[in-house]
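Okay, structure first, notes after.
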Amino acid sequence: MASRDTRNRMTATALWVFVAGMVGLSFASVPLYQLFCDVTGYGGQPKTDVAAGPSEISEKTITVRFDSNINPNLPWRFKPVQRQVTVRLGEERLAFYQAKNLSKGDATGTALFNVTPFKAGQYFSKIDCFCFTEQTLTAGQVADMPVQFFVDPEILNDPNTRDLKTITLSYTFYKTEPDEAPSDAPKTAARDDTQLNKPEKG
Amino acid sequence: MANAADAHHDEHDHHMPGFFTRWFCSTNHKDIGTLYIIVSFIAAIVGGAMSWYIRLELAEPGIQYIDDFQFYNVLVTAHGFLMVFFVVMPAMIGGFGNWFVPLMIGAPDMAFPRMNNISFWLLAAGLVLLVLSTIIGDGPGTGWTVYPPLASADFHPGPSVDFGILALHLAGASSILGAINFIVTIFNMRAPGMTIHRMPLFVWAILITAFLLLLALPVLAGALTMLLTDRNFGTAFFIPGEGGDPVLWQHLFWFFGHPEVYIIIIPAFGIISEVVSTFSKKPVFGYLGMAYAMSAIGVVGFVVWAHHMFTIGFTADTRAYFTAATMVIAVPTGVKIFSWLATMWGGSIKFEVPMLYAFGFIFLFVVGGVTGITLANSSADVVFHDTYFVVAHFHYVMAIAAVLAMFSGYFYWVGKMIGRQYPRGLAKLQFWVFFIGVNVTFFPQHFSGFAGMPRRIPDYPAPYEGWNYVSSVGALITAIGTLLFFIVVWRTFSGPKVADNEWGEGATTLEWTVASPAPWHTHEVMPDMTGKAPAE
């Protein structure tokens with residue numbers, strides 16, 4: 001039987017492992033929560049890992065509304081081009097937001113996004129979106145920003161969501177510092193008057 | 001059985017160290033326990049003064065005394081931190097835990113006496129940093145929950161919140177080291193024959209509390225570090241525009257914060273078990289049930305944290321889970337309450353001062369606990385969140401119940417610690433003044449909260465004035481009760497000497513087999529507990 005001192009030290013070492021483990025877990029919570037929300041759609045996190053559209057397009061339709069917000073630090077005007085669209089479940093649709101840099105210099109922003117009600121998050125799939133990269137606008141520049149999405153028909157099979165009539169997609173732009181390579185073409189369309197006059201693109 | 005029941009402990013074999021070595025470089029569990037209790041008293045006066053200042057302002061609608069609202073928020077924040085981290089925890093865990101765990105298990109000291117000392121001095125340093133945080137810069141006006149973005153650099157520039165974070169790092173480190181010390185001591189250094197299932201319930205309580213500290217505090221440390229780097233070193237854990245989320249802080253903080261409240265109350269449960277048993281002259285009813293009820297409370301306490309976050313917008317299913325899990329904790333808690341009552345039933349009750357406090361604890365913890373069950377209902381909580389109903393709930397379970405348990409432990413054990421008797425009559429008067437004071441202070445806050453009064457505000461609309469005035473009168477009575485307590489403490493030092501076992505046959509744990517005051521070194525030869533009755 002080891003001496004009292006040795007046994008005490010061994011017990012203490014085992015306990016330090018717990019301490020280190022819990023500290024590690026608290027830092028690991030950052031990617032773990034992100035993973036959890038991406039997979040489950042909790043908190044209105046839309047799915048973005050879709051390679052292609054769903055297999056079938058349903059006859060049932062749902063209304064998708066578009067909301068926009070700007071953090072006061074970013075001197076842009078940012079609005080959806082169309083306030084809402086009615087889309088069939090499973091149908092891929094393209095929608096646009098328009099941003100204008102109101103300041104006298106370059107400004108770079110990144111958009112965060114969310115859908116409400118939160119329970120619809122796992123059924124709202126974004127195939128392509130300006131929000132995946134940061135956007136730099138020069139002084140006075142106007143840009144149309146596309147979002148390509150569909151609403152998964154599986155939404156009808158979930159008792160929590162089958163009666164939903166409206167989903168709202170919301171973006172908030174925050175100011176960020178630009179990346180080192182500003183020549184990266186931002187995923188924005190050049191200004192095109194014809195886009196503005198066609199609120200619903202089929 | 002030999003023990004060092006030596007009245008001439010000053011003429012011990014090895015010289016008593018000089019003042020500086022004895023009190024600043026201590027490796028003696030009794031002296032370190034005394035130091036913790038002194039810190040607890042000082043912090044209680046400061047934290048109490050802050051609360052009385054807050055109640056003075058809230059006595060009437062309108063602003064009378066505190067027109068600097070940042071200062072008001074700093075008072076609210078500092079009051080919370082002081083009471084939780086620098087009054088209740090040091091008194092019960094650092095103070096009574098250090099004093100009586102080695103005594104009760106027959107050990108000569110803690111497993112790591114030097115680490116014990118550094119635990120204390122880390123706490124003292126943390127207290128200094130907390131005080132500094134309030135006087136350097138604008139002060140941390142965040143509430144004890146320190147939520148970003150209010151606590152982030154945008155809204156609290158300057159060093160105050162950083163000082164507060166570092167204060168909590170030190171206090172947390174102090175508790176983690178102390179927890180390791182307690183667990184190793186209790187696991188490895190019990191007297192021969194004292195198996196785990198024969199040690200006193202107070203020791204069980206400290207063991208369980210130590211495990212909660214071990215697992216919960218590192219998460220707080222991680223979260224605090226993230227906030228510190230967000231504020232100062234360019235990270236973005238909690239900054240949405242750069243990919244972070246303020247809700248992450250809430251998850252991490254409350255993952256620590258909920259076990260923290262069990263860390264506060266479980267030692268109180270341990271004290272009450274000892275006191276009720278002693279003054280009923282009966283072993284505690286259902287020893288195993290009591291030990292494992294505390295364990296169950298500790299374990300389940302780790303999976304209910306989001307009941308502090310019902311309004312952030314998670315799904316109904318998630319809210320349903322946290323509601324149900326929170327209510328589950330009432331079951332082992334109920335086992336404990338009924339077991340204490342069953343202990344008294346058929347016993348020979350003596351209404352000594354510690355027992356008065358124990359009765360008060362049992363009754364008022366139930367009152368506070370049931371409002372917790374009300375709040376556990378997520379739908380109701382949407383209305384109650386951040387109102388005075390919540391303030392009333394947690395003050396009942398912490399400021400009333402846990403503090404009554406601290407007083408109970410103090411009056412139970414002070415004779416063992418300093419060898420003198422407290423003035424009985426004055427102590428009974430102090431009990432009644434304090435009891436009335438805290439109830440008049442906090443019971444009306446249920447009504448204010450029910451009527452929708454928000455918390456953390458310096459002023460309120462006129463319709464809330466009635467119960468606020470009553471509550472402030474209660475605060476005055478409580479202040480008088482606290483003053484009376486310090487008079488009792490003062491008078492105890494010149495009271496009559498007490499016997500080694502001043503409580504008689506009901507006091508069956510090992511600390512009553514050593515002299516009063518306990519000699520500087522005790523159990524130098526471990527007592528042999530084989531075949532003895534369980535020291536319940």
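Residue numbering restarts at 1 in every chain; chains get A, B, ... in the order shown in the structure tokens, and ligands count up from 1 in that same order.
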Using only C-alpha atoms, find which residues of chain B lie within 6 Å of chain A and jot them down as a ChimeraX atom specification.
-> /B:184,218-219,222,241
Non-local contacts of Phe255 of chain B (10 Å; only C-alpha atoms; under 4 positions in same chain excluded) as a list of chain:residue names | A:Ser26, B:Leu215, B:Ala216, B:Leu217, B:Val219, B:Leu220, B:Trp249, B:Gln250, B:His251, B:Pro259, B:Glu260, B:Gly301, B:Phe302, B:Val303, B:Val304, B:Trp305, B:Ala306, B:His308
Quick one: distance from atom CA of Thr48 of chain A to atom CA of Ser125 of chain A in Å, one decimal?
->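 Interatomic distance, atom CA of Thr48 of chain A to atom CA of Ser125 of chain A: 5.8 Å.
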DSSP helix (DSSP H, G or I) residues within segment 26-106 of chain A, as a list in words =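 Going through segment 26-106 of chain A, the helix (DSSP H, G or I) residues come out as Ser26, Phe27, Ala28, Ser29, Val30, Pro31, Leu32, Tyr33, Gln34, Leu35, Phe36, Cys37, Asp38, Val39, Thr40, Tyr42, Gly43 and Gly44 of chain A.
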Please produce a file of the residues just selected, as a short mmCIF file (atom, residue, chain, number, x, y, z; two decimals), in the first residue's frame, where the atoms kept are N, CA and C atoms.
data_model
loop_
_atom_site.label_atom_id
_atom_site.label_comp_id
_atom_site.auth_asym_id
_atom_site.auth_seq_id
_atom_site.Cartn_x
_atom_site.Cartn_y
_atom_site.Cartn_z
N SER A 26 -15.45 23.65 -21.99
CA SER A 26 -16.07 24.96 -22.14
C SER A 26 -15.57 25.65 -23.41
N PHE A 27 -14.27 25.47 -23.75
CA PHE A 27 -13.80 26.04 -25.01
C PHE A 27 -14.32 25.25 -26.20
N ALA A 28 -14.44 23.93 -26.03
CA ALA A 28 -14.98 23.12 -27.12
C ALA A 28 -16.44 23.40 -27.37
N SER A 29 -17.12 24.03 -26.41
CA SER A 29 -18.53 24.32 -26.59
C SER A 29 -18.75 25.22 -27.80
N VAL A 30 -17.73 26.02 -28.16
CA VAL A 30 -17.92 26.95 -29.28
C VAL A 30 -18.19 26.16 -30.57
N PRO A 31 -17.27 25.30 -31.01
CA PRO A 31 -17.61 24.54 -32.21
C PRO A 31 -18.72 23.53 -32.00
N LEU A 32 -18.83 22.99 -30.77
CA LEU A 32 -19.87 21.97 -30.56
C LEU A 32 -21.27 22.56 -30.69
N TYR A 33 -21.49 23.76 -30.12
CA TYR A 33 -22.80 24.38 -30.27
C TYR A 33 -23.08 24.70 -31.73
N GLN A 34 -22.03 25.18 -32.44
CA GLN A 34 -22.20 25.52 -33.86
C GLN A 34 -22.63 24.29 -34.66
N LEU A 35 -21.94 23.18 -34.38
CA LEU A 35 -22.26 21.94 -35.08
C LEU A 35 -23.69 21.50 -34.78
N PHE A 36 -24.05 21.58 -33.50
CA PHE A 36 -25.38 21.16 -33.08
C PHE A 36 -26.45 21.98 -33.79
N CYS A 37 -26.25 23.30 -33.85
CA CYS A 37 -27.27 24.15 -34.48
C CYS A 37 -27.31 23.92 -35.98
N ASP A 38 -26.15 23.68 -36.60
CA ASP A 38 -26.15 23.43 -38.05
C ASP A 38 -26.90 22.15 -38.38
N VAL A 39 -26.69 21.13 -37.56
CA VAL A 39 -27.30 19.83 -37.88
C VAL A 39 -28.79 19.82 -37.55
N THR A 40 -29.17 20.43 -36.46
CA THR A 40 -30.57 20.33 -36.04
C THR A 40 -31.42 21.51 -36.48
N TYR A 42 -31.71 24.18 -34.81
CA TYR A 42 -32.20 24.85 -33.61
C TYR A 42 -31.93 26.35 -33.69
N GLY A 43 -32.83 27.11 -33.09
CA GLY A 43 -32.63 28.55 -33.04
C GLY A 43 -32.83 29.21 -34.39
N GLY A 44 -33.50 28.52 -35.30
CA GLY A 44 -33.77 29.13 -36.59
C GLY A 44 -32.58 29.11 -37.51
#
Which neighbours of Tyr410 of chain B fall inside 10 Å, counting only C-alpha atoms, when residues of the same chain fewer than 6 positions from it are skipped, and could you give them as a list in words?
->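 Those residues are Ile37, Ala91, Met92, Gly95, Phe96, Ile271, Val353, Pro354, Leu404, Lys416, Met417 and Val489 of chain B.
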Point-to-point distance from atom CA of Asp67 of chain B to atom CA of His395 of chain B, Å rounded to tenths = 25.4 Å
Leaving out Asn73 of chain B and any residue of its chain fewer than 6 positions from it, which residues lie within 9 Å of it when counting only C-alpha atoms, given as number ranges by chain?
-> B: 139-143, 456-458
Hey, what's within 9 Å of Thr138 of chain A if we count only C-alpha atoms and toss same-chain stuff fewer than 4 positions away? As number ranges by chain, please?
-> A: 101, 103-108, 142
So which residues touch Asp67 of chain A within 8 Å, counting only C-alpha atoms, skipping near sequence neighbours fewer than 5 positions away, as number ranges by chain?
-> A: 79-80, 83, 168-171
Take the selection from the previous step and output its residues with N, CA and C atoms, as a short mmCIF file (atom, residue, chain, number, x, y, z; two decimals), in the first residue's frame.
data_model
loop_
_atom_site.label_atom_id
_atom_site.label_comp_id
_atom_site.auth_asym_id
_atom_site.auth_seq_id
_atom_site.Cartn_x
_atom_site.Cartn_y
_atom_site.Cartn_z
N LYS A 79 -31.83 46.71 -48.00
CA LYS A 79 -33.26 46.38 -48.03
C LYS A 79 -33.50 45.20 -48.95
N PRO A 80 -34.55 44.42 -48.69
CA PRO A 80 -34.90 43.38 -49.66
C PRO A 80 -35.54 44.02 -50.89
N ARG A 83 -40.60 42.16 -50.89
CA ARG A 83 -40.94 42.01 -49.48
C ARG A 83 -41.29 40.56 -49.17
N THR A 168 -40.06 33.72 -42.28
CA THR A 168 -39.38 34.99 -42.50
C THR A 168 -37.88 34.76 -42.47
N LEU A 169 -37.21 35.20 -43.52
CA LEU A 169 -35.75 35.12 -43.58
C LEU A 169 -35.21 36.51 -43.25
N SER A 170 -34.33 36.56 -42.25
CA SER A 170 -33.85 37.86 -41.76
C SER A 170 -32.33 37.93 -41.87
N TYR A 171 -31.83 39.06 -42.36
CA TYR A 171 -30.39 39.30 -42.42
C TYR A 171 -30.05 40.52 -41.59
#
Contacts of Leu510 of chain B at 9 Å or less, counting only C-alpha atoms, minus same-chain residues fewer than 5 places along, as a PyMOL selection string?
-> chain B and resi 103-106+535
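Interatomic distance, atom CA of Ile54 of chain B against atom CA of Phe450 of chain B: 20.4 Å.
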Which residues in chain A does DSSP call strand (DSSP E or B)? List them as a short mmCIF file (atom, residue, chain, number, x, y, z; two decimals) with N, CA, C and O atoms, in the first residue's frame.
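Heads up, here's the output in out_2.cif:
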data_model
loop_
_atom_site.label_atom_id
_atom_site.label_comp_id
_atom_site.auth_asym_id
_atom_site.auth_seq_id
_atom_site.Cartn_x
_atom_site.Cartn_y
_atom_site.Cartn_z
N LYS A 47 -30.47 25.45 -43.01
CA LYS A 47 -29.49 24.48 -43.50
C LYS A 47 -28.73 25.10 -44.65
O LYS A 47 -29.31 25.71 -45.55
N THR A 61 -47.97 25.53 -51.27
CA THR A 61 -47.10 26.70 -51.29
C THR A 61 -46.93 27.26 -49.88
O THR A 61 -47.69 26.94 -48.97
N ILE A 62 -45.90 28.09 -49.75
CA ILE A 62 -45.67 28.78 -48.48
C ILE A 62 -45.16 30.16 -48.83
O ILE A 62 -44.58 30.38 -49.90
N THR A 63 -45.43 31.13 -47.96
CA THR A 63 -44.96 32.49 -48.19
C THR A 63 -43.64 32.68 -47.47
O THR A 63 -43.50 32.32 -46.30
N VAL A 64 -42.66 33.23 -48.17
CA VAL A 64 -41.38 33.56 -47.54
C VAL A 64 -41.24 35.07 -47.55
O VAL A 64 -41.32 35.70 -48.60
N ARG A 65 -41.08 35.66 -46.36
CA ARG A 65 -40.91 37.10 -46.23
C ARG A 65 -39.46 37.40 -46.00
O ARG A 65 -38.71 36.57 -45.49
N PHE A 66 -39.06 38.62 -46.35
CA PHE A 66 -37.66 38.99 -46.26
C PHE A 66 -37.51 40.21 -45.37
O PHE A 66 -38.20 41.21 -45.54
N ASP A 67 -36.60 40.10 -44.39
CA ASP A 67 -36.38 41.16 -43.42
C ASP A 67 -34.91 41.56 -43.48
O ASP A 67 -34.04 40.72 -43.77
N SER A 68 -34.62 42.84 -43.20
CA SER A 68 -33.22 43.29 -43.22
C SER A 68 -32.95 44.21 -42.05
O SER A 68 -33.83 44.94 -41.60
N ASN A 69 -31.72 44.17 -41.55
CA ASN A 69 -31.27 45.03 -40.44
C ASN A 69 -29.83 45.43 -40.68
O ASN A 69 -29.07 44.68 -41.29
N ILE A 70 -29.48 46.61 -40.18
CA ILE A 70 -28.06 47.04 -40.28
C ILE A 70 -27.59 47.41 -38.88
O ILE A 70 -28.30 48.12 -38.15
N TRP A 76 -24.46 51.64 -44.43
CA TRP A 76 -25.12 51.14 -45.64
C TRP A 76 -26.63 51.33 -45.51
O TRP A 76 -27.19 51.41 -44.42
N ARG A 77 -27.31 51.36 -46.68
CA ARG A 77 -28.74 51.12 -46.72
C ARG A 77 -28.91 49.71 -47.24
O ARG A 77 -28.29 49.33 -48.23
N PHE A 78 -29.72 48.91 -46.59
CA PHE A 78 -29.81 47.49 -46.94
C PHE A 78 -31.26 47.06 -46.85
O PHE A 78 -31.88 47.16 -45.79
N LYS A 79 -31.83 46.71 -48.00
CA LYS A 79 -33.26 46.38 -48.03
C LYS A 79 -33.50 45.20 -48.95
O LYS A 79 -32.77 44.99 -49.92
N PRO A 80 -34.55 44.42 -48.69
CA PRO A 80 -34.90 43.38 -49.66
C PRO A 80 -35.54 44.02 -50.89
O PRO A 80 -36.27 45.00 -50.78
N GLN A 84 -41.92 39.87 -50.13
CA GLN A 84 -42.22 38.46 -49.91
C GLN A 84 -42.43 37.76 -51.24
O GLN A 84 -42.68 38.40 -52.25
N VAL A 85 -42.28 36.43 -51.19
CA VAL A 85 -42.60 35.63 -52.37
C VAL A 85 -43.43 34.45 -51.91
O VAL A 85 -43.35 34.02 -50.76
N THR A 86 -44.26 33.93 -52.81
CA THR A 86 -44.98 32.69 -52.53
C THR A 86 -44.32 31.61 -53.37
O THR A 86 -44.16 31.77 -54.59
N VAL A 87 -43.92 30.55 -52.71
CA VAL A 87 -43.10 29.56 -53.38
C VAL A 87 -43.65 28.18 -53.10
O VAL A 87 -44.22 27.94 -52.03
N ARG A 88 -43.53 27.28 -54.09
CA ARG A 88 -43.97 25.90 -53.84
C ARG A 88 -42.91 25.21 -52.98
O ARG A 88 -41.73 25.50 -53.09
N ARG A 93 -35.80 28.95 -55.50
CA ARG A 93 -36.17 30.31 -55.84
C ARG A 93 -34.98 31.23 -55.60
O ARG A 93 -34.19 31.01 -54.69
N LEU A 94 -34.90 32.28 -56.42
CA LEU A 94 -33.85 33.28 -56.26
C LEU A 94 -34.50 34.58 -55.78
O LEU A 94 -35.50 35.02 -56.36
N ALA A 95 -33.95 35.15 -54.72
CA ALA A 95 -34.46 36.43 -54.23
C ALA A 95 -33.29 37.38 -54.10
O ALA A 95 -32.13 36.97 -54.09
N PHE A 96 -33.59 38.68 -54.02
CA PHE A 96 -32.52 39.68 -53.99
C PHE A 96 -32.69 40.65 -52.84
O PHE A 96 -33.79 41.03 -52.48
N TYR A 97 -31.54 41.06 -52.29
CA TYR A 97 -31.47 42.21 -51.41
C TYR A 97 -30.64 43.26 -52.12
O TYR A 97 -29.81 42.94 -52.96
N GLN A 98 -30.84 44.53 -51.76
CA GLN A 98 -30.02 45.57 -52.36
C GLN A 98 -29.35 46.36 -51.25
O GLN A 98 -29.99 46.75 -50.27
N ALA A 99 -28.05 46.60 -51.44
CA ALA A 99 -27.30 47.38 -50.46
C ALA A 99 -26.66 48.56 -51.14
O ALA A 99 -26.23 48.47 -52.29
N LYS A 100 -26.60 49.68 -50.43
CA LYS A 100 -25.91 50.85 -50.96
C LYS A 100 -25.01 51.40 -49.87
O LYS A 100 -25.44 51.58 -48.72
N ASN A 101 -23.74 51.66 -50.25
CA ASN A 101 -22.80 52.25 -49.31
C ASN A 101 -23.03 53.75 -49.26
O ASN A 101 -22.81 54.46 -50.24
N ALA A 107 -16.53 50.38 -47.43
CA ALA A 107 -17.07 49.79 -46.20
C ALA A 107 -17.30 48.31 -46.47
O ALA A 107 -17.81 47.93 -47.53
N THR A 108 -16.93 47.51 -45.50
CA THR A 108 -17.05 46.05 -45.64
C THR A 108 -17.99 45.51 -44.59
O THR A 108 -17.92 45.91 -43.42
N GLY A 109 -18.84 44.60 -45.00
CA GLY A 109 -19.79 44.05 -44.04
C GLY A 109 -19.94 42.54 -44.20
O GLY A 109 -19.65 41.98 -45.26
N THR A 110 -20.37 41.91 -43.14
CA THR A 110 -20.73 40.50 -43.16
C THR A 110 -22.15 40.37 -42.64
O THR A 110 -22.52 41.06 -41.69
N ALA A 111 -22.93 39.49 -43.29
CA ALA A 111 -24.32 39.36 -42.88
C ALA A 111 -24.52 38.11 -42.05
O ALA A 111 -23.99 37.05 -42.38
N LEU A 112 -25.27 38.23 -40.97
CA LEU A 112 -25.75 37.07 -40.23
C LEU A 112 -27.20 36.86 -40.61
O LEU A 112 -27.90 37.80 -40.95
N PHE A 113 -27.66 35.62 -40.52
CA PHE A 113 -28.99 35.32 -41.02
C PHE A 113 -29.68 34.34 -40.10
O PHE A 113 -29.05 33.62 -39.33
N ASN A 114 -30.99 34.33 -40.25
CA ASN A 114 -31.79 33.54 -39.34
C ASN A 114 -33.19 33.43 -39.95
O ASN A 114 -33.59 34.32 -40.70
N VAL A 115 -33.91 32.36 -39.61
CA VAL A 115 -35.32 32.31 -40.02
C VAL A 115 -36.19 32.24 -38.77
O VAL A 115 -35.79 31.71 -37.74
N THR A 116 -37.39 32.79 -38.91
CA THR A 116 -38.42 32.58 -37.90
C THR A 116 -39.66 32.05 -38.59
O THR A 116 -39.91 32.40 -39.76
N PHE A 124 -35.50 25.07 -44.02
CA PHE A 124 -35.19 26.17 -44.93
C PHE A 124 -33.76 25.99 -45.38
O PHE A 124 -32.84 26.10 -44.59
N SER A 125 -33.58 25.70 -46.67
CA SER A 125 -32.24 25.37 -47.17
C SER A 125 -31.75 26.46 -48.09
O SER A 125 -32.42 26.81 -49.07
N LYS A 126 -30.57 26.99 -47.80
CA LYS A 126 -29.99 28.01 -48.66
C LYS A 126 -28.91 27.37 -49.51
O LYS A 126 -27.94 26.82 -48.99
N ILE A 127 -29.14 27.41 -50.81
CA ILE A 127 -28.18 26.78 -51.71
C ILE A 127 -27.01 27.72 -51.95
O ILE A 127 -25.86 27.34 -51.96
N ASP A 128 -27.35 29.00 -52.18
CA ASP A 128 -26.30 29.96 -52.48
C ASP A 128 -26.72 31.29 -51.87
O ASP A 128 -27.91 31.64 -51.89
N CYS A 129 -25.75 32.04 -51.36
CA CYS A 129 -26.14 33.24 -50.62
C CYS A 129 -24.96 34.19 -50.53
O CYS A 129 -23.81 33.77 -50.40
N GLN A 135 -18.72 41.30 -47.82
CA GLN A 135 -18.95 42.14 -49.00
C GLN A 135 -18.30 43.50 -48.80
O GLN A 135 -18.47 44.12 -47.75
N THR A 136 -17.55 43.96 -49.79
CA THR A 136 -16.98 45.31 -49.72
C THR A 136 -17.63 46.18 -50.78
O THR A 136 -17.68 45.79 -51.95
N LEU A 137 -18.15 47.32 -50.36
CA LEU A 137 -18.72 48.27 -51.31
C LEU A 137 -17.89 49.53 -51.29
O LEU A 137 -17.52 50.02 -50.21
N VAL A 142 -23.83 50.60 -55.32
CA VAL A 142 -25.07 49.86 -55.06
C VAL A 142 -24.85 48.45 -55.54
O VAL A 142 -24.27 48.24 -56.61
N ALA A 143 -25.30 47.47 -54.79
CA ALA A 143 -25.13 46.08 -55.21
C ALA A 143 -26.41 45.31 -54.95
O ALA A 143 -27.08 45.51 -53.92
N ASP A 144 -26.74 44.43 -55.89
CA ASP A 144 -27.85 43.50 -55.67
C ASP A 144 -27.26 42.18 -55.20
O ASP A 144 -26.32 41.65 -55.79
N MET A 145 -27.81 41.67 -54.12
CA MET A 145 -27.25 40.47 -53.50
C MET A 145 -28.25 39.34 -53.58
O MET A 145 -29.38 39.46 -53.09
N PRO A 146 -27.87 38.23 -54.20
CA PRO A 146 -28.83 37.14 -54.40
C PRO A 146 -28.84 36.13 -53.25
O PRO A 146 -27.82 35.92 -52.58
N VAL A 147 -29.98 35.50 -53.08
CA VAL A 147 -30.13 34.36 -52.17
C VAL A 147 -30.87 33.29 -52.94
O VAL A 147 -31.94 33.57 -53.49
N GLN A 148 -30.32 32.10 -53.01
CA GLN A 148 -31.02 31.00 -53.67
C GLN A 148 -31.41 29.99 -52.61
O GLN A 148 -30.56 29.53 -51.84
N PHE A 149 -32.69 29.61 -52.55
CA PHE A 149 -33.15 28.78 -51.44
C PHE A 149 -34.29 27.89 -51.90
O PHE A 149 -34.87 28.07 -52.98
N PHE A 150 -34.63 26.92 -51.05
CA PHE A 150 -35.90 26.21 -51.19
C PHE A 150 -36.38 25.82 -49.81
O PHE A 150 -35.61 25.76 -48.85
N VAL A 151 -37.70 25.55 -49.73
CA VAL A 151 -38.29 25.07 -48.48
C VAL A 151 -38.57 23.59 -48.65
O VAL A 151 -39.28 23.18 -49.58
N THR A 166 -46.13 30.98 -43.19
CA THR A 166 -45.15 32.02 -43.51
C THR A 166 -43.84 31.70 -42.82
O THR A 166 -43.83 31.32 -41.65
N ILE A 167 -42.76 31.87 -43.55
CA ILE A 167 -41.42 31.82 -42.96
C ILE A 167 -40.76 33.16 -43.27
O ILE A 167 -40.90 33.68 -44.38
N THR A 168 -40.06 33.72 -42.28
CA THR A 168 -39.38 34.99 -42.50
C THR A 168 -37.88 34.76 -42.47
O THR A 168 -37.35 34.18 -41.52
N LEU A 169 -37.21 35.20 -43.52
CA LEU A 169 -35.75 35.12 -43.58
C LEU A 169 -35.21 36.51 -43.25
O LEU A 169 -35.60 37.50 -43.87
N SER A 170 -34.33 36.56 -42.25
CA SER A 170 -33.85 37.86 -41.76
C SER A 170 -32.33 37.93 -41.87
O SER A 170 -31.64 36.98 -41.51
N TYR A 171 -31.83 39.06 -42.36
CA TYR A 171 -30.39 39.30 -42.42
C TYR A 171 -30.05 40.52 -41.59
O TYR A 171 -30.81 41.49 -41.56
N THR A 172 -28.89 40.48 -40.95
CA THR A 172 -28.34 41.67 -40.30
C THR A 172 -26.91 41.84 -40.78
O THR A 172 -26.10 40.92 -40.66
N PHE A 173 -26.61 43.04 -41.30
CA PHE A 173 -25.25 43.31 -41.74
C PHE A 173 -24.47 44.00 -40.63
O PHE A 173 -24.96 44.95 -40.01
N TYR A 174 -23.26 43.48 -40.38
CA TYR A 174 -22.35 44.09 -39.41
C TYR A 174 -21.12 44.57 -40.13
O TYR A 174 -20.70 44.00 -41.14
N LYS A 175 -20.49 45.59 -39.56
CA LYS A 175 -19.24 46.07 -40.13
C LYS A 175 -18.11 45.12 -39.76
O LYS A 175 -18.02 44.66 -38.63
N ALA A 189 -24.27 40.92 -57.57
CA ALA A 189 -24.52 41.20 -58.98
C ALA A 189 -24.26 42.67 -59.24
O ALA A 189 -24.48 43.51 -58.36
N LYS A 201 -38.54 36.50 -59.23
CA LYS A 201 -37.83 35.82 -60.29
C LYS A 201 -38.21 34.35 -60.26
O LYS A 201 -38.20 33.71 -59.21
#
